[in-house]
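Asker: If you scroll down you'll find the structure; I have some questions about it.
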Amino acid sequence: MKKRKLLQKTYSFILISLLFLQSSAQVVGAVTSTSSAAGDATKVQLLGATQETAGSRDIDLQLSLNNSTDESIYKDVCVSFSNNQQLKETSNSNILDANQKVVGKYTYSANKLQLEVLGNISGTSTIQLGLTDTSSLEGSINFSTDGQNVTAKLSDTTSTAKAYMPS
């Protein structure tokens with residue numbers, strides 16, 4: 001009889017413990033998912049940078065933009081060069097999405113690209129930056145922000161296929 005009561009008490013204790021752990025896990029899970037959702041609400045990611053075509057002075061910077069808030073967000077991107085390059089300065093140029101809708105603005109000056117992403121925006125965009133006429137087309141341009149880095153490799157020659165002529 002004593003054994004039975006002891007087993008019942010042990011069983012009850014285990015059930016109560018499991019119920020407590022289950023309710024605690026739900027609270028922790030809810031807090032975790034809310035935190036990560038808030039962190040994902042505003043993001044600017046650098047997806048890639050490329051020279052439009054070999055010999056071109058146009059650099060395309062691909063961005064992923066996510067701002068689920070009503071407020072504009074601002075992001076600074078540092079620009080560095082491997083050779084004698086410089087980008088043309090721009091002021092309040094439009095960032096357009098795939099449907100040519102304005103989703104923000106950008107300004108480039110003194111090796112800093114400043115991005116403004118409008119509220120309630122999600123998607124990818126490409127902005128075009130131009131090298132100055134005196135810039136070298138050999139080397140690379142690096143864009144970095146928040147530990148993200150993308151590099152555009154530059155080339156001043158277009159690849160040409162050599163024709164084989166039999167003798």
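Quick note on naming: the chains in the structure tokens go A, B, ... in the order shown, residues restart at 1 in each chain, and ligands are numbered from 1 in order of appearance.
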Can you pull out every residue from region 4-146 of chain A that DSSP, working from the backbone, puts in strand (DSSP E or B), and format the result as a ChimeraX atom specification?
Answerer: /A:42-51,58-67,73-81,87,90-96,102-109,112-117,121-131,139-145
Asker: Show me, as a list in words, the residues that have an atom within 6 Å of region 124-141 of chain A when counting only C-alpha atoms, minus same-chain residues fewer than 3 positions from it.
Answerer: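 After dropping sequence-adjacent residues, the list is Arg57, Asp58, Ile59, Asp60, Leu61, Gln62, Leu63, Ser64, Leu65, Ser80, Phe81, Ser82, Asn83, Asn84, Gln85, Gln86, Leu87, Lys88, Asp97, Thr151, Ala152, Lys153, Leu154, Ser155 and Asp156 of chain A.
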Asker: Under the rule that only C-alpha atoms are counted, which of A:Val77, A:Ala49, A:Val44, A:Ile121 is the nearest residue to Leu96 (chain A)?
Answerer: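 Ranking A:Val77, A:Ala49, A:Val44, A:Ile121 by distance to Leu96 (chain A), first place goes to A:Ile121.
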Asker: Looking at only C-alpha atoms, which of A:Thr90, A:Ser68, A:Thr145, A:Thr157 is the one that sits closest to Tyr106 (chain A)?
Answerer: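 Ranked by minimum distance to Tyr106 (chain A), first place goes to A:Thr90.
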Asker: Determine the nearest neighbour of Lys101 (chain A) from the options A:Leu115, A:Gly123, A:Asn149, A:Tyr74, counting only C-alpha atoms.
Answerer: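 Among A:Leu115, A:Gly123, A:Asn149, A:Tyr74, it is A:Gly123 that comes nearest to Lys101 (chain A).
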Asker: When distances are computed from only C-alpha atoms, which of A:Val79, A:Gly104, A:Lys112, A:Ile14 shows the smallest separation from Val150 (chain A)?
Answerer: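 When distances to Val150 (chain A) are compared using only C-alpha atoms, the smallest one comes from A:Val79.
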Asker: CA of Asn99 (chain A) and CA of Asp76 (chain A), how far apart in Å?
Answerer: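 CA of Asp76 (chain A) sits 24.8 Å away from CA of Asn99 (chain A).
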Asker: For CA of Ser91 (chain A) and CA of Tyr108 (chain A), determine how far apart the two atoms are, in Å to one decimal place.
Answerer: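 Those two atoms sit 6.6 Å apart.
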Asker: Identify all residues of region 15-149 of chain A in alpha helix (DSSP H) (DSSP on the backbone) and supply them as a PyMOL selection string.
Answerer: chain A and resi 15-40
Asker: What lies within 8 Å of Glu89 (chain A) using only C-alpha atoms, ignoring chain neighbours under 4 positions off, as a PyMOL selection string?
Answerer: chain A and resi 107-110
Asker: How many Å lie between CA of Phe143 (chain A) and CA of Ala98 (chain A), rounded to one decimal?
Answerer: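 Between CA of Phe143 (chain A) and CA of Ala98 (chain A) the gap is 21.9 Å.
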Asker: Which residue, A:Leu118, A:Asn111, A:Ser12, A:Cys78, has the smallest gap to Asn94 (chain A) when you use only C-alpha atoms?
Answerer: A:Leu118
